[in-house]
Structure formats: structure tokens, C-alpha cells
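Worksheet for the structure shown next.
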Amino acid sequence: MAVWDDVVGQERVTAQLAAAARDADALVTAEAEGRAGASQGRPGTPPAGERGGASQMTHAWLFTGPPGSGRATAARAFAAALQCVSPDRALGGAPGCGFCDGCHTTQVGTHADVEIVRTDLLSIGVKETRDLVRRSSLSPAGGRWQVIVLEDADRLTEGAGNVLLKAVEEPAPRTVWLLCAPSIEDVLPTIRSRCRHLSLRTPPVAAVADVLVRRDGIAPEAADRAARATQGHIGRARRLATDERARARRAAVLKLPLRVDDIGGCLKAAQELIDAAGEDAKQVAEEVDTKETEELRAALGAAAGTGGRLPRGTAGAMKELQDKQKRRATRTQRDSLDLALVDLTGFYRDVLALQMGASVPLANDEVRDSLERIAAGSTPQRTLRRIEAVIACREALDRNVAPLLAVEAMTAALRAG
């Protein structure tokens, strides 16, 4: 299975990346032959760009697209193709076979020359970025490319972005930066102007359902229902199809529009939404925090047991870990809350479709009775105002408004219509 098979519904983008990977492979091969020829006193093969035609390869790429479009998946697939060492390349095969050591280790995250950076915190700071820039200046250990995949480039602080700019402006000869962000506006203009931009689209529902059936072994009906409910978001569709808790949380969110008939119902629904997001954050903490804490205590040489005393001078490291875990819990809660708001937006989108008589498939067909009830008791104008209220809540959360206040204002606006 080629690495591009993981990139769903992005034929134009995969074609561009495959062409760039071929040129990158030709460049590495030509340089290797050149060094071999020089050692034997004969000329090597010129690089692809010198043999005629512009090279499709460049040192910095920016992948943008809506959530669920697979921008990080596309970046990792490209990284694998750049590290491909399949012997079929010598016979005209394209890089990115998916089976060789270079492809496999890149895809599982163990390749020595591929750094995949994702954060579960609210931002990426200057210190972490400096470490990346320092790594990017190293020569590839395997002789091909040093690849840095930054999956959350939109979370770089302004200072971190300025640190990254210098590395993108003057990269090492065999270093490739792959940046991922929801849109080009989420990246500093000075950085995006130095990257080749690839825009990904939301994958078709049918393509997402197909990959769930083919790769995850999910029943066709369940796969289609999950893909339709998430409107082509691959990660959310997979989670919805495989996680009973995710389905239960979504079902609770879709009942909210029927529970805002009075102010008391609005406040109660808002509190329950916040509590559910907090429960998500707590579950993540239980799964990850305890393990991280014990591993750090062991590394610092603490006495056995959770109450064992830490060696002198190591309290700062433990405090730093605790601060990181608090920031991660905050982001987990916000991400869970945002996911609920996306589902709520989809509900009112279906209501509007029914009110306008649009011939489009409903994302939430399993609650058609509720949709028809809300549609019959309202107008398209009120539905649009409700959608705007949900969007305003998401924007308020981005501005660090207290979550409960933002959600209470939204539920009150949903009641008013």
C-alpha cells in the first residue's frame, strides 16, 4: 500500500507531492552519484533541475485545510516518500512504496531523520522552536533528508514564529520543513511567503466511509452514518464509529436544542455541556498524567511509591510537568467543547436545509424528528441567528472568555432565536 493511500480525497495534492518526491529522489541520487564519480575521477549525473524542467521540490511547504481534511496525514505521507529507499525506484518506481524501511519507520514515527511535532498544549513556545531549529541544521543521519513536520504551526507564539522564520529563510541544504495549519492566515505572512502552499479540501463523505470500511473494518452502514454525521472529518468519523462514549456525548449534544425553552433550561444545558467537556479532560488526565508523573519520578531517582521523596534539586522538573499537564487539560476541555459546538452547528444546518427545502443529505438523519420539530416551530431567519450564536460562542472561547459564561450566552441566544 503506497503512502498516498492514507491521504483521502486529495487527488490534486497527492499528484503534486508525488512529483516533488520524484524530483527529491532524483536530486539525492544525483548527489550520491556525483560524490561516487568524483572519488573515481568521473562526472556524476546532474540534478533534476539541471537536466531540463523546473524541479517540483522545495525546502518548505505549508499544508492548509479545514479540520479533518488530513493535512497532517498528507505531510507525513510526503515525509515518508522523501525517505523512501525502495529498490523499485531504480526501475522507474515512484517513491512512497509504503513497505520499505524508510516509509515504514516514518509512518510509525521512529525514523531518525523525521521529527513529527504535535502539541497537546495551547501553544508552541520559543524554547521548543529553538530546539527544532537546532535539529534542522543537522545533516541527515541516513543520507537523504532531514524532515521537520510541524502539525500545529497555527499554535506558534509570535516569538516562536520569528525564531522559525530564520530557519525557513536560510535552511540547511538537505532540510525540509512541512508546516500544517487550518488556513494561511494562521501563519505569519513572512513564513507563509517562503513556503509552497497546498490547500486541502474536506474529503467527500463517500471517500471517508470507504476508508473506514477498508482500513478499520467498520460495517458499511455504521461507516456511512459516521462519515455523514461528521461531514467528511476523517478523525472524528473514525472515533464516532469506534467509540461508544463519543456516540453518547454526541447524542446528548443533539438533544440540547429541545431543552432551551426557558432560562432555567438554558443554564442547566450550558452547565452540562461544560461538565461533559471537563469529564473528557479528566479521562485524558487519568490515562496520561499518572504515567508521565511516574516515569519522571523514576528518571529523577525518587523513592519508590507515589509518596516517595524526590531528590534535592528536582522539584523544578516536577513543577514544570505539572504546569504542562494543567495546560493540556485546558486544551482538552476546549477541544471537547468545540467539538460539541461543531455538532450543534450541524444540527441547525440540517434544520435550515429542511426549512429551505434543500435537496441535500442530512448529517443528523437519526434525529430527523427533532429536526422537523425545530424547523416547523421556527423560521430560516431564526435558524441563521442560532447558527451565528454558536459561531460567536466558538469565537469567544478562542478569546479566552470563561467557558461557562460563553456557553450560557449561547444557550440564551438559542432560546431567543
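The way I read the labels, and the way they are meant: chains A, B, ... in the order of the C-alpha cells, residue 1 as the first residue of every chain, and ligand 1 as the first ligand shown, with later ones counted on from there.
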- Message: When DSSP is applied to the backbone of this structure, which of range 144-292 of chain A are assigned strand (DSSP E or B)? Write them out as an MDAnalysis selection string.
- Response: chainID A and resid 146:150 156 175:181 196:199
Output C-alpha atoms for every residue in the selection just made, as an mmCIF file, in the first residue's frame.
data_model
loop_
_atom_site.group_PDB
_atom_site.id
_atom_site.type_symbol
_atom_site.label_atom_id
_atom_site.label_comp_id
_atom_site.auth_asym_id
_atom_site.auth_seq_id
_atom_site.Cartn_x
_atom_site.Cartn_y
_atom_site.Cartn_z
ATOM 1 C CA GLN A 146 16.145 15.948 7.431
ATOM 2 C CA VAL A 147 12.360 16.449 7.649
ATOM 3 C CA ILE A 148 10.547 18.519 10.292
ATOM 4 C CA VAL A 149 6.748 18.038 10.328
ATOM 5 C CA LEU A 150 5.088 20.766 12.422
ATOM 6 C CA LEU A 156 3.262 29.020 17.329
ATOM 7 C CA THR A 175 16.350 20.042 5.369
ATOM 8 C CA VAL A 176 12.639 20.152 4.540
ATOM 9 C CA TRP A 177 10.018 21.933 6.647
ATOM 10 C CA LEU A 178 6.414 20.702 6.453
ATOM 11 C CA LEU A 179 4.042 23.079 8.263
ATOM 12 C CA CYS A 180 0.335 22.374 8.842
ATOM 13 C CA ALA A 181 -2.353 24.919 9.741
ATOM 14 C CA ARG A 196 4.915 26.326 -1.179
ATOM 15 C CA HIS A 197 1.237 26.305 -0.284
ATOM 16 C CA LEU A 198 -1.010 23.255 -0.699
ATOM 17 C CA SER A 199 -4.706 23.668 0.115
#
Counting only C-alpha atoms, what are the residues of range 276-356 of chain A within 7 Å of range 384-395 of chain A, and for each of them which pair of atoms is the nearest and at what distance in Å, to one decimal? Sort the table by chain and rising number, as a tab-separated table.
residue	atom	partner	partner_atom	distance
A:Asp338	CA	A:Arg394	CA	6.6
A:Leu341	CA	A:Val390	CA	6.5
A:Thr345	CA	A:Ile387	CA	5.9
A:Tyr348	CA	A:Ile387	CA	6.4
- Members of range 37-236 of chain A assigned helix (DSSP H, G or I) by DSSP, as a VMD selection string: chain A and resid 37 to 39 48 to 50 71 to 82 87 to 91 101 to 108 126 to 136 153 to 155 158 to 169 184 to 186 189 to 192 205 to 216 220 to 229 234 to 236
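Closest to Glu408 in chain A among A:Ala363, A:Leu212, A:Val260, A:Ala375 is A:Val260, based on only C-alpha atoms.
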- Straight-line distance linking CA of Ala167 in chain A with CA of Arg144 in chain A, stated in Å to one decimal: 18.8 Å
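Separating CA of Gly232 in chain A from CA of Val205 in chain A is a distance of 4.8 Å.
The two atoms in question, CA of Arg89 in chain A and CA of His59 in chain A, are spaced 21.7 Å apart.
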